[in-house]
file final_15.txt (compact mmCIF, C-alpha atoms and all ligand atoms)
# COMPACT_ATOMS: atom_id res chain seq x y z
CA MET A 1 -8.82 26.55 -26.69
CA THR A 2 -7.38 27.85 -23.39
CA PRO A 3 -5.02 25.79 -21.19
CA ARG A 4 -7.99 25.35 -18.83
CA GLY A 5 -10.09 23.93 -21.65
CA TRP A 6 -7.33 21.50 -22.59
CA ALA A 7 -6.96 20.51 -18.96
CA LEU A 8 -10.68 19.73 -18.68
CA LEU A 9 -10.49 17.62 -21.84
CA THR A 10 -7.38 15.79 -20.58
CA LEU A 11 -9.01 15.08 -17.23
CA ALA A 12 -12.08 13.65 -18.95
CA GLY A 13 -9.79 11.44 -21.10
CA LEU A 14 -7.87 10.19 -18.07
CA VAL A 15 -11.07 9.39 -16.14
CA VAL A 16 -12.39 7.39 -19.13
CA ALA A 17 -9.04 5.56 -19.41
CA LEU A 18 -9.18 4.70 -15.69
CA ALA A 19 -12.72 3.41 -16.04
CA VAL A 20 -11.73 1.26 -19.05
CA VAL A 21 -8.72 -0.18 -17.19
CA ALA A 22 -10.91 -0.91 -14.15
CA VAL A 23 -13.57 -2.65 -16.22
CA VAL A 24 -11.23 -4.63 -18.48
CA LEU A 25 -8.30 -5.57 -16.22
CA VAL A 26 -9.83 -6.04 -12.76
CA PRO A 27 -11.28 -9.55 -12.24
CA TRP A 28 -14.76 -8.41 -11.16
CA ASN A 29 -16.16 -11.83 -12.09
CA ARG A 30 -14.87 -13.34 -8.83
CA PRO A 31 -17.45 -12.56 -6.17
CA PRO A 32 -16.70 -13.86 -2.65
CA ALA A 33 -18.07 -17.29 -1.64
CA PRO A 34 -21.65 -17.29 -0.27
CA ARG A 35 -22.06 -15.82 3.21
CA ALA A 36 -23.45 -19.11 4.58
CA ASP A 37 -20.20 -20.89 3.59
CA GLN A 38 -18.18 -18.11 5.24
CA LEU A 39 -20.14 -18.48 8.48
CA ALA A 40 -19.63 -22.25 8.38
CA ALA A 41 -15.88 -21.64 8.06
CA LEU A 42 -16.01 -19.19 10.98
CA ARG A 43 -17.67 -21.83 13.18
CA ASP A 44 -14.82 -24.23 12.41
CA LEU A 45 -12.23 -21.85 13.87
CA PRO A 46 -11.34 -22.13 17.58
CA ALA A 47 -13.56 -19.65 19.45
CA ASP A 48 -10.75 -18.49 21.75
CA GLN A 49 -8.49 -17.74 18.78
CA VAL A 50 -11.24 -15.64 17.16
CA ALA A 51 -11.95 -13.82 20.43
CA HIS A 52 -8.24 -13.10 21.00
CA ALA A 53 -7.83 -11.71 17.47
CA ARG A 54 -10.90 -9.52 17.90
CA THR A 55 -9.64 -8.10 21.21
CA PHE A 56 -6.32 -7.32 19.52
CA ARG A 57 -7.98 -5.61 16.55
CA GLY A 58 -10.23 -3.70 18.96
CA ASP A 59 -7.18 -2.46 20.88
CA LEU A 60 -5.59 -1.21 17.64
CA ARG A 61 -8.72 0.61 16.47
CA PRO A 62 -8.77 3.79 18.64
CA GLY A 63 -5.17 4.68 17.79
CA ARG A 64 -5.67 3.91 14.15
CA TYR A 65 -8.75 6.04 13.57
CA LEU A 66 -7.74 8.85 15.94
CA GLY A 67 -4.39 8.99 14.12
CA LEU A 68 -6.18 9.18 10.77
CA ALA A 69 -8.48 11.95 12.01
CA VAL A 70 -5.68 13.97 13.61
CA GLY A 71 -3.49 13.64 10.49
CA LEU A 72 -6.37 14.76 8.28
CA LEU A 73 -7.24 17.69 10.57
CA ALA A 74 -3.60 18.81 10.66
CA ALA A 75 -3.34 18.65 6.86
CA LEU A 76 -6.60 20.59 6.47
CA ALA A 77 -5.61 23.17 9.11
CA LEU A 78 -2.34 23.83 7.28
CA GLY A 79 -3.85 23.76 3.79
CA LEU A 80 -7.22 25.48 4.08
CA THR A 81 -5.96 28.38 6.20
CA PRO A 82 -2.95 30.68 5.70
CA LEU A 83 -1.07 28.67 8.42
CA GLY A 84 0.71 26.43 5.91
CA SER A 85 1.80 29.20 3.57
CA ARG A 86 3.12 31.18 6.55
CA LEU A 87 5.07 28.14 7.74
CA ILE A 88 6.65 27.70 4.29
CA ASP A 89 7.43 31.43 4.22
CA LEU A 90 9.18 31.09 7.58
CA VAL A 91 11.23 28.08 6.47
CA GLY A 92 12.38 29.93 3.33
CA ARG A 93 13.31 33.14 5.15
CA PRO A 94 16.91 32.20 6.16
CA PHE A 95 17.51 31.62 2.43
CA GLY A 96 16.16 35.02 1.41
CA GLY A 97 12.79 33.47 0.51
CA HIS A 98 14.35 31.69 -2.48
CA TRP A 99 11.78 29.53 -4.25
CA VAL A 100 13.96 26.39 -4.07
CA ALA A 101 14.15 26.67 -0.28
CA GLN A 102 10.40 27.30 -0.05
CA ALA A 103 9.57 24.46 -2.45
CA VAL A 104 11.90 21.76 -1.09
CA LEU A 105 12.46 22.60 2.59
CA GLY A 106 9.05 24.21 3.05
CA GLY A 107 7.31 21.25 1.43
CA LEU A 108 9.21 18.72 3.51
CA VAL A 109 8.48 20.64 6.72
CA VAL A 110 4.72 20.63 5.98
CA VAL A 111 4.80 16.84 5.52
CA LEU A 112 6.99 16.44 8.60
CA VAL A 113 4.58 18.46 10.78
CA VAL A 114 1.70 16.15 9.79
CA ASP A 115 3.93 13.11 10.39
CA LEU A 116 4.91 14.41 13.82
CA VAL A 117 1.35 15.02 15.04
CA THR A 118 0.45 11.44 14.06
CA LEU A 119 3.65 10.01 15.58
CA PRO A 120 2.07 9.36 19.02
CA PHE A 121 -0.55 7.19 17.29
CA ALA A 122 2.13 5.23 15.45
CA ALA A 123 3.84 4.69 18.82
CA TRP A 124 0.50 3.64 20.35
CA ARG A 125 0.15 1.05 17.58
CA HIS A 126 3.66 -0.26 18.20
CA SER A 127 2.98 -0.57 21.94
CA VAL A 128 -0.10 -2.70 21.16
CA LEU A 129 1.92 -4.89 18.77
CA LEU A 130 4.57 -5.36 21.48
CA ARG A 131 1.97 -6.16 24.13
CA TYR A 132 0.45 -8.90 21.96
CA GLY A 133 3.91 -10.21 21.06
CA LEU A 134 3.38 -9.55 17.35
CA SER A 135 6.36 -7.22 17.04
CA THR A 136 9.82 -8.42 18.00
CA ASN A 137 11.29 -4.99 17.29
CA GLY A 138 12.11 -3.03 20.48
CA TRP A 139 11.65 0.72 20.74
CA GLY A 140 15.24 1.28 19.58
CA GLY A 141 14.71 -0.72 16.41
CA TRP A 142 11.31 0.89 15.88
CA THR A 143 12.92 4.36 16.04
CA VAL A 144 15.66 3.37 13.61
CA ASP A 145 13.04 2.01 11.15
CA LEU A 146 11.05 5.22 11.52
CA LEU A 147 14.09 7.41 10.80
CA LYS A 148 15.00 5.22 7.82
CA SER A 149 11.53 5.59 6.34
CA TYR A 150 11.62 9.38 6.96
CA ALA A 151 14.96 9.51 5.15
CA VAL A 152 13.65 7.53 2.16
CA SER A 153 10.53 9.74 1.95
CA ALA A 154 12.59 12.93 2.30
CA VAL A 155 14.83 12.00 -0.64
CA ILE A 156 11.87 11.07 -2.89
CA GLY A 157 9.88 14.10 -1.68
CA ALA A 158 12.74 16.54 -2.34
CA VAL A 159 13.19 15.26 -5.90
CA ALA A 160 9.42 15.42 -6.58
CA LEU A 161 9.05 18.92 -5.07
CA LEU A 162 12.05 20.34 -6.91
CA GLY A 163 10.90 18.78 -10.19
CA PHE A 164 7.33 19.96 -9.77
CA TYR A 165 8.12 23.60 -8.95
CA THR A 166 10.80 23.80 -11.66
CA VAL A 167 8.16 22.82 -14.22
CA VAL A 168 5.64 25.25 -12.70
CA ARG A 169 8.17 28.10 -13.12
CA LEU A 170 9.19 27.13 -16.64
CA ALA A 171 5.63 26.62 -17.93
CA PRO A 172 3.24 28.61 -15.72
CA ARG A 173 0.21 27.93 -17.99
CA TRP A 174 1.01 24.36 -19.01
CA TRP A 175 2.66 22.87 -15.92
CA TRP A 176 -0.30 20.58 -15.39
CA ALA A 177 0.46 18.76 -18.69
CA VAL A 178 4.15 18.23 -17.87
CA GLY A 179 3.22 17.54 -14.23
CA ALA A 180 0.71 14.86 -15.24
CA VAL A 181 3.30 13.07 -17.37
CA GLY A 182 5.90 13.51 -14.60
CA ALA A 183 3.58 12.15 -11.90
CA ALA A 184 2.72 9.13 -14.05
CA GLY A 185 6.43 8.58 -14.71
CA LEU A 186 7.28 8.88 -11.02
CA VAL A 187 4.62 6.33 -10.03
CA THR A 188 5.99 3.91 -12.65
CA LEU A 189 9.59 4.45 -11.58
CA LEU A 190 8.80 4.05 -7.87
CA SER A 191 6.73 0.94 -8.46
CA PHE A 192 9.56 -0.90 -10.23
CA VAL A 193 12.68 0.69 -8.76
CA LEU A 194 11.66 1.41 -5.18
CA PRO A 195 11.22 -2.20 -4.01
CA VAL A 196 14.68 -3.10 -5.30
CA LEU A 197 16.28 -0.02 -3.69
CA VAL A 198 14.33 0.03 -0.44
CA GLU A 199 14.15 -3.70 0.43
CA PRO A 200 17.84 -3.85 1.47
CA VAL A 201 17.42 -0.74 3.69
CA PHE A 202 15.13 -2.72 5.99
CA ASN A 203 16.02 -6.39 5.55
CA ARG A 204 18.90 -8.72 4.79
CA PHE A 205 18.43 -11.42 2.17
CA THR A 206 20.23 -14.73 1.93
CA PRO A 207 19.72 -17.45 -0.69
CA MET A 208 17.56 -20.32 0.60
CA GLU A 209 19.74 -23.33 1.29
CA PRO A 210 19.48 -26.12 -1.29
CA GLY A 211 16.93 -28.79 -0.36
CA PRO A 212 13.55 -30.24 -1.31
CA LEU A 213 11.63 -26.99 -0.60
CA ARG A 214 13.93 -24.80 -2.69
CA THR A 215 13.77 -27.32 -5.56
CA GLU A 216 9.98 -27.54 -5.28
CA LEU A 217 9.55 -23.73 -5.36
CA THR A 218 11.92 -23.28 -8.33
CA ASN A 219 10.27 -26.12 -10.27
CA MET A 220 6.78 -24.82 -9.53
CA ALA A 221 7.72 -21.34 -10.80
CA ALA A 222 9.12 -22.84 -14.01
CA ARG A 223 6.01 -25.02 -14.42
CA ASP A 224 3.87 -21.91 -13.97
CA GLY A 225 5.72 -20.08 -16.75
CA VAL A 226 7.24 -17.48 -14.42
CA PRO A 227 10.80 -18.77 -13.93
CA VAL A 228 12.77 -17.24 -11.05
CA LYS A 229 16.47 -16.56 -10.75
CA ASP A 230 16.69 -17.20 -7.04
CA VAL A 231 14.81 -18.04 -3.85
CA LEU A 232 15.78 -15.67 -1.01
CA VAL A 233 15.06 -15.66 2.69
CA ALA A 234 14.45 -12.29 4.40
CA ASP A 235 15.41 -11.86 8.08
CA ALA A 236 11.97 -10.46 8.94
CA SER A 237 12.05 -12.11 12.40
CA ARG A 238 14.27 -9.24 13.55
CA ARG A 239 11.18 -7.03 13.78
CA THR A 240 8.03 -9.10 13.46
CA LYS A 241 6.32 -12.42 14.02
CA ALA A 242 4.14 -11.84 10.94
CA VAL A 243 4.68 -14.22 8.03
CA ASN A 244 4.83 -13.32 4.34
CA ALA A 245 6.35 -14.05 0.96
CA TYR A 246 6.45 -12.18 -2.31
CA VAL A 247 7.84 -12.27 -5.83
CA SER A 248 9.87 -9.25 -6.90
CA GLY A 249 11.92 -8.18 -9.90
CA LEU A 250 11.10 -8.54 -13.58
CA GLY A 251 12.07 -11.15 -16.16
CA PRO A 252 15.63 -12.39 -15.59
CA THR A 253 15.90 -10.70 -12.15
CA ARG A 254 12.66 -12.21 -10.82
CA ARG A 255 13.07 -13.84 -7.43
CA ILE A 256 10.95 -15.38 -4.73
CA VAL A 257 11.40 -13.86 -1.27
CA VAL A 258 10.22 -15.84 1.76
CA TYR A 259 10.19 -14.44 5.31
CA ASP A 260 12.26 -16.53 7.73
CA THR A 261 9.19 -16.39 10.00
CA LEU A 262 7.14 -18.24 7.38
CA LEU A 263 9.76 -21.02 7.13
CA ARG A 264 9.75 -21.36 10.91
CA GLU A 265 5.96 -21.35 11.41
CA ALA A 266 4.53 -23.17 8.39
CA THR A 267 4.96 -26.63 6.85
CA PRO A 268 6.80 -26.88 3.51
CA ALA A 269 3.46 -27.59 1.74
CA GLU A 270 1.99 -24.41 3.24
CA VAL A 271 5.03 -22.37 2.18
CA THR A 272 4.54 -23.75 -1.33
CA SER A 273 0.88 -22.67 -1.19
CA VAL A 274 1.83 -19.10 -0.22
CA VAL A 275 4.47 -18.90 -2.95
CA ALA A 276 1.95 -20.26 -5.49
CA HIS A 277 -0.31 -17.31 -4.59
CA GLU A 278 2.58 -14.90 -5.16
CA LEU A 279 3.39 -16.52 -8.52
CA GLY A 280 -0.25 -15.81 -9.44
CA HIS A 281 0.44 -12.08 -8.98
CA ALA A 282 3.52 -12.35 -11.20
CA LYS A 283 1.74 -14.39 -13.85
CA ASP A 284 -1.27 -12.05 -14.06
CA ARG A 285 1.06 -9.00 -14.06
CA ASP A 286 -0.82 -7.52 -11.12
CA VAL A 287 2.02 -5.10 -10.40
CA ASN A 288 1.85 -3.77 -13.98
CA VAL A 289 -1.91 -3.29 -13.78
CA GLY A 290 -1.57 -1.62 -10.37
CA THR A 291 1.16 0.63 -11.73
CA LEU A 292 -0.90 1.59 -14.78
CA THR A 293 -3.90 2.45 -12.61
CA GLY A 294 -1.69 4.38 -10.18
CA ALA A 295 -0.01 6.30 -13.03
CA LEU A 296 -3.35 7.25 -14.61
CA GLY A 297 -4.75 8.22 -11.20
CA ALA A 298 -1.70 10.38 -10.39
CA ALA A 299 -1.90 12.13 -13.77
CA ALA A 300 -5.63 12.78 -13.28
CA ALA A 301 -4.95 14.12 -9.77
CA VAL A 302 -2.39 16.64 -11.08
CA VAL A 303 -4.80 17.94 -13.74
CA ALA A 304 -7.67 18.10 -11.23
CA LEU A 305 -5.46 20.04 -8.81
CA TYR A 306 -4.60 22.53 -11.55
CA LEU A 307 -8.29 23.03 -12.31
CA LEU A 308 -9.11 23.51 -8.61
CA GLY A 309 -6.26 25.96 -8.17
CA SER A 310 -6.71 28.11 -11.29
CA GLY A 311 -9.43 30.40 -10.04
CA GLY A 312 -12.01 29.44 -7.47
CA PRO A 313 -11.91 30.13 -3.74
CA LEU A 314 -9.30 27.55 -2.60
CA PRO A 315 -6.04 29.52 -3.14
CA ARG A 316 -7.56 32.51 -1.32
CA LEU A 317 -8.31 30.31 1.72
CA ALA A 318 -4.63 29.39 1.83
CA GLY A 319 -3.54 33.01 1.42
CA VAL A 320 -1.83 32.52 -1.97
CA ASP A 321 -2.59 33.61 -5.54
CA SER A 322 -2.30 30.23 -7.26
CA PHE A 323 -0.85 26.74 -6.98
CA ALA A 324 2.20 27.98 -8.87
CA ASP A 325 3.37 29.61 -5.63
CA PRO A 326 5.50 27.13 -3.59
CA ARG A 327 3.74 28.48 -0.50
CA ALA A 328 0.57 26.81 -1.81
CA PHE A 329 2.08 23.38 -1.18
CA ALA A 330 0.21 22.92 2.13
CA LEU A 331 -3.06 23.36 0.22
CA LEU A 332 -1.93 20.81 -2.40
CA PHE A 333 -0.98 18.40 0.37
CA ALA A 334 -4.38 18.79 2.08
CA LEU A 335 -6.20 18.06 -1.19
CA VAL A 336 -3.98 15.03 -1.92
CA THR A 337 -4.60 13.71 1.62
CA LEU A 338 -8.37 14.05 1.11
CA ALA A 339 -8.17 12.37 -2.30
CA GLY A 340 -6.18 9.49 -0.80
CA LEU A 341 -8.85 9.00 1.84
CA VAL A 342 -11.59 8.84 -0.80
CA ALA A 343 -9.57 6.56 -3.10
CA GLY A 344 -8.66 4.12 -0.29
CA PRO A 345 -11.88 2.05 -0.24
CA VAL A 346 -11.88 1.86 -4.07
CA GLN A 347 -8.28 0.64 -4.11
CA ALA A 348 -9.11 -1.89 -1.38
CA ALA A 349 -12.07 -3.26 -3.37
CA VAL A 350 -9.90 -3.69 -6.48
CA SER A 351 -7.12 -5.26 -4.41
CA ARG A 352 -9.48 -7.83 -2.85
CA ARG A 353 -10.59 -9.05 -6.30
CA VAL A 354 -6.98 -9.29 -7.49
CA GLU A 355 -6.02 -11.21 -4.33
CA ALA A 356 -8.94 -13.62 -4.81
CA ARG A 357 -7.66 -14.34 -8.33
CA ALA A 358 -4.16 -15.07 -6.95
CA ASP A 359 -5.77 -17.43 -4.40
CA ALA A 360 -7.56 -19.31 -7.19
CA HIS A 361 -4.25 -19.46 -9.10
CA ALA A 362 -2.53 -20.94 -6.04
CA MET A 363 -5.10 -23.71 -5.69
CA ALA A 364 -5.02 -24.53 -9.40
CA LEU A 365 -1.20 -24.59 -9.42
CA THR A 366 -0.77 -26.77 -6.33
CA GLY A 367 -4.02 -28.71 -6.77
CA ASP A 368 -4.19 -28.65 -2.99
CA PRO A 369 -7.09 -26.59 -1.56
CA ALA A 370 -6.83 -28.40 1.80
CA THR A 371 -3.31 -27.09 2.42
CA PHE A 372 -4.41 -23.66 1.15
CA GLU A 373 -7.16 -23.60 3.78
CA ALA A 374 -4.79 -24.82 6.50
CA MET A 375 -2.39 -22.02 5.57
CA GLN A 376 -5.16 -19.41 5.77
CA ARG A 377 -6.03 -20.62 9.27
CA ARG A 378 -2.39 -20.48 10.27
CA LEU A 379 -1.90 -17.02 8.75
CA ALA A 380 -4.90 -15.69 10.69
CA GLY A 381 -3.56 -17.26 13.89
CA ILE A 382 -0.05 -15.83 13.55
CA ASN A 383 -1.04 -12.36 12.28
CA LEU A 384 -3.92 -12.15 14.80
CA ALA A 385 -6.29 -11.31 11.94
CA ASP A 386 -10.00 -11.06 12.67
CA PRO A 387 -11.17 -13.92 10.42
CA ASP A 388 -14.47 -12.11 9.78
CA PRO A 389 -13.91 -8.39 10.40
CA PRO A 390 -16.72 -5.80 10.79
CA ARG A 391 -18.27 -5.03 7.41
CA TRP A 392 -17.55 -1.27 7.52
CA GLU A 393 -13.87 -1.84 8.29
CA TYR A 394 -13.61 -4.51 5.59
CA LEU A 395 -15.09 -2.14 2.98
CA TRP A 396 -13.00 0.76 4.25
CA SER A 397 -9.58 -0.82 4.17
CA ALA A 398 -9.30 -4.61 3.67
CA SER A 399 -6.75 -5.24 0.91
CA HIS A 400 -7.29 -9.02 1.04
CA PRO A 401 -10.39 -11.23 1.25
CA SER A 402 -11.12 -12.14 4.87
CA THR A 403 -9.92 -15.47 6.29
CA VAL A 404 -13.44 -16.94 6.22
CA GLU A 405 -13.85 -15.83 2.57
CA ARG A 406 -10.58 -17.52 1.66
CA MET A 407 -11.48 -20.69 3.57
CA ALA A 408 -14.93 -20.78 1.91
CA ALA A 409 -13.28 -20.25 -1.50
CA ALA A 410 -10.96 -23.22 -0.83
CA ARG A 411 -13.95 -25.42 0.07
CA ALA A 412 -15.82 -24.33 -3.04
CA TYR A 413 -12.76 -25.12 -5.15
CA ALA A 414 -12.44 -28.56 -3.53
CA ARG A 415 -16.15 -29.27 -4.20
CA GLU A 416 -15.93 -28.16 -7.85
CA THR A 417 -12.79 -30.19 -8.60
CA GLY A 418 -13.66 -33.19 -6.42
CA ARG A 419 -10.41 -32.98 -4.42
ZN ZN B 501 -1.43 -11.48 -2.74

call {"tool": "encode", "arguments": {"input": "final_15.txt", "output": "structure tokens", "more": "lines below"}}
Ligand SMILES: [Zn+2]
result
Amino acid sequence: MTPRGWALLTLAGLVVALAVVAVVLVPWNRPPAPRADQLAALRDLPADQVAHARTFRGDLRPGRYLGLAVGLLAALALGLTPLGSRLIDLVGRPFGGHWVAQAVLGGLVVVLVVDLVTLPFAAWRHSVLLRYGLSTNGWGGWTVDLLKSYAVSAVIGAVALLGFYTVVRLAPRWWWAVGAVGAAGLVTLLSFVLPVLVEPVFNRFTPMEPGPLRTELTNMAARDGVPVKDVLVADASRRTKAVNAYVSGLGPTRRIVVYDTLLREATPAEVTSVVAHELGHAKDRDVNVGTLTGALGAAAAVVALYLLGSGGPLPRLAGVDSFADPRAFALLFALVTLAGLVAGPVQAAVSRRVEARADAHAMALTGDPATFEAMQRRLAGINLADPDPPRWEYLWSASHPSTVERMAAARAYARETGR
């Protein structure tokens, strides 16, 4: 069998594996609460709060979707015409057209160009957040955060580009097999290592001071069978009013992180409810499942790219012979951008089901659906979330159930358990 034949077989295997993971590990058996219950919950929310949130979301929308469209068009313009390969050629020229310069610097420049054309839309978004008082980060701090995230991406991107094109040169017919394993490995590494490495770049963490809340959170985690080493407070208020908490680390390094904004805005019982939700993610190993899906998806994407690039009209559009040429990176990037756009709604649908399971875990662990509902109302108020967003936007990008879905789920839980 030819390498192409093996690649087709591998792709089919990976797609089947993805389907099996999706069917077996995603909690599809948790449909949202009935629409009538959601509408009842919506009517219980203050009308002015709902209207304010909807105006805010409406003000974000033009920048968001224009930014998406412009970023996509830029990626396609670079990838599906010879523009991108010429740009990479140009970047490599001072280095005698050496493949390392083309692969690493050329690749980073292509990504940077797309980032730069969407930068005005990111700034637009920040100006809206400032106007509504949701961001406490001035333009100076915003710029510093932006440069930090560019730096983090550049380091990861350089390693990935250098690794990828080294393999392509060493194994011109079989790079897709090594690349698939490498991509899966990179996704796994980033998922477990990145949070630990990147968190301190953006936030400072201090242990929560001893007291009833700290004791309650530690005891609850132990009772839940996911003991934590520490409870930390992140100084998120430096840049945002938004509230959050999460559980990070594995086994003996597992810790609860609570935003200082959450401690300031919510009652201790509500903080406990949020942390109980996060413990649900840890207990159900949602990060592991997400990582497995991501690794399989990345491997499948590499093989699919190889198949698209070996023959067919695409490389010719980009003015290159094959994907093995570093100057074809703009084409690769365009295809990955398109794939990301298509995969987004699927990922969101999976995420919503996983989040609903964590919500159910929180209510079972605290036995307190009333506080859970109060917290959802408060979250929506602080984060200016549309409690019942337009259906198309919800399906397109909502990673969590809507506020009215979560409120209705809390009421259903209270009814079923008689609390
Ligand atoms: Zn969650």

call {"tool": "residues_around", "arguments": {"input": "final_15.txt", "residues": "Leu108 (chain A)", "least_positions_apart": "4", "cutoff": "8 Å", "atoms": "all atoms listed in the file", "output": "PDB file with C-alpha atoms, in the coordinates of the input"}}
result
ATOM      1  CA  VAL A 104      11.900  21.760  -1.090  1.00  0.00           C
ATOM      2  CA  LEU A 112       6.990  16.440   8.600  1.00  0.00           C
ATOM      3  CA  ALA A 154      12.590  12.930   2.300  1.00  0.00           C
ATOM      4  CA  GLY A 157       9.880  14.100  -1.680  1.00  0.00           C
ATOM      5  CA  ALA A 158      12.740  16.540  -2.340  1.00  0.00           C
TER       6      ALA A 158
END

call {"tool": "residues_near_ligand", "arguments": {"input": "final_15.txt", "ligand": "ligand ZN 501 (chain B)", "cutoff": "10 Å", "atoms": "all atoms listed in the file", "output": "list in words"}}
result
Asn244, Ala245, Tyr246, Val247, Val274, Val275, Ala276, His277, Glu278, Leu279, Gly280, His281, Ala282, Asp286, Ser351, Arg352, Val354, Glu355, Ala356, Arg357, Ala358, Asp359, Ser399, His400 and Pro401 of chain A

call {"tool": "atom_distance", "arguments": {"input": "final_15.txt", "atom1": "CA of Val271 (chain A)", "atom2": "CA of Met375 (chain A)"}}
result
8.2 Å

call {"tool": "closest_residue", "arguments": {"input": "final_15.txt", "among": "A:Val91, A:Leu189, A:Leu60, A:Met407", "to": "His126 (chain A)", "atoms": "all atoms listed in the file"}}
result
A:Leu60

call {"tool": "residues_around", "arguments": {"input": "final_15.txt", "residues": "Gly138 (chain A)", "least_positions_apart": "2", "cutoff": "12 Å", "atoms": "only C-alpha atoms", "output": "PyMOL selection string"}}
result
chain A and resi 123+126-127+129-131+133-136+140-145+238-240

call {"tool": "closest_residue", "arguments": {"input": "final_15.txt", "among": "A:Ala41, A:Val113, A:Ala234, A:Ala298", "to": "Glu199 (chain A)", "atoms": "only C-alpha atoms"}}
result
A:Ala234

call {"tool": "atom_distance", "arguments": {"input": "final_15.txt", "atom1": "CA of Ala324 (chain A)", "atom2": "CA of Leu308 (chain A)"}}
result
12.2 Å

call {"tool": "closest_residue", "arguments": {"input": "final_15.txt", "among": "A:Ala301, A:Val243, A:Ala221, A:Val258", "to": "Arg378 (chain A)", "atoms": "all atoms listed in the file"}}
result
A:Val243

call {"tool": "residues_around", "arguments": {"input": "final_15.txt", "residues": "Leu296 (chain A)", "least_positions_apart": "3", "cutoff": "8 Å", "atoms": "all atoms listed in the file", "output": "list in words"}}
result
Leu14, Ala17, Leu18, Ala184, Leu292, Thr293, Ala299 and Ala300 of chain A

call {"tool": "residues_around", "arguments": {"input": "final_15.txt", "residues": "Thr366 (chain A)", "least_positions_apart": "4", "cutoff": "10 Å", "atoms": "only C-alpha atoms", "output": "number ranges by chain"}}
result
A: 220, 269, 272-273, 276-277, 361-362, 371-372

call {"tool": "residues_around", "arguments": {"input": "final_15.txt", "residues": "Arg254 (chain A)", "least_positions_apart": "5", "cutoff": "12 Å", "atoms": "all atoms listed in the file", "output": "list in words"}}
result
Phe192, Val196, Thr218, Ala221, Ala222, Val226, Pro227, Val228, Lys229, Asp230, Val231, Leu232, Tyr246, Val247, Ser248, Gly249, Glu278, Leu279, Ala282 and Lys283 of chain A

call {"tool": "closest_residue", "arguments": {"input": "final_15.txt", "among": "A:Arg93, A:Arg255, A:Lys241, A:Arg391", "to": "Phe205 (chain A)", "atoms": "all atoms listed in the file"}}
result
A:Arg255

call {"tool": "closest_residue", "arguments": {"input": "final_15.txt", "among": "A:Arg214, A:Arg4, A:Arg223, A:Arg204", "to": "Ser237 (chain A)", "atoms": "all atoms listed in the file"}}
result
A:Arg204

call {"tool": "atom_distance", "arguments": {"input": "final_15.txt", "atom1": "CA of Pro82 (chain A)", "atom2": "CA of Gly319 (chain A)"}}
result
4.9 Å

call {"tool": "decode", "arguments": {"input": "final_15.txt", "residues": "region 284-292 of chain A", "atoms": "N, CA, C and O atoms", "output": "JSON list (two decimals), in the first residue's frame"}}
result
[["chain", "number", "residue", "atom", "x", "y", "z"],
["A", 284, "ASP", "N", -15.07, 14.24, 37.09],
["A", 284, "ASP", "CA", -15.43, 13.54, 35.84],
["A", 284, "ASP", "C", -14.29, 13.55, 34.83],
["A", 284, "ASP", "O", -14.49, 13.13, 33.69],
["A", 285, "ARG", "N", -13.13, 14.06, 35.23],
["A", 285, "ARG", "CA", -11.95, 14.10, 34.35],
["A", 285, "ARG", "C", -12.27, 14.75, 33.02],
["A", 285, "ARG", "O", -11.88, 14.27, 31.95],
["A", 286, "ASP", "N", -12.99, 15.89, 33.08],
["A", 286, "ASP", "CA", -13.38, 16.56, 31.85],
["A", 286, "ASP", "C", -12.18, 17.05, 31.06],
["A", 286, "ASP", "O", -12.21, 17.07, 29.83],
["A", 287, "VAL", "N", -11.11, 17.45, 31.78],
["A", 287, "VAL", "CA", -9.92, 17.93, 31.06],
["A", 287, "VAL", "C", -9.29, 16.77, 30.28],
["A", 287, "VAL", "O", -8.88, 16.93, 29.14],
["A", 288, "ASN", "N", -9.26, 15.58, 30.89],
["A", 288, "ASN", "CA", -8.68, 14.42, 30.19],
["A", 288, "ASN", "C", -9.48, 14.08, 28.94],
["A", 288, "ASN", "O", -8.90, 13.82, 27.88],
["A", 289, "VAL", "N", -10.82, 14.10, 29.08],
["A", 289, "VAL", "CA", -11.65, 13.78, 27.92],
["A", 289, "VAL", "C", -11.46, 14.83, 26.83],
["A", 289, "VAL", "O", -11.30, 14.50, 25.65],
["A", 290, "GLY", "N", -11.44, 16.11, 27.25],
["A", 290, "GLY", "CA", -11.22, 17.19, 26.29],
["A", 290, "GLY", "C", -9.87, 17.05, 25.59],
["A", 290, "GLY", "O", -9.76, 17.26, 24.38],
["A", 291, "THR", "N", -8.86, 16.67, 26.37],
["A", 291, "THR", "CA", -7.52, 16.51, 25.81],
["A", 291, "THR", "C", -7.48, 15.35, 24.82],
["A", 291, "THR", "O", -6.90, 15.47, 23.73],
["A", 292, "LEU", "N", -8.12, 14.25, 25.18],
["A", 292, "LEU", "CA", -8.17, 13.08, 24.29],
["A", 292, "LEU", "C", -8.85, 13.44, 22.97],
["A", 292, "LEU", "O", -8.34, 13.14, 21.89]]
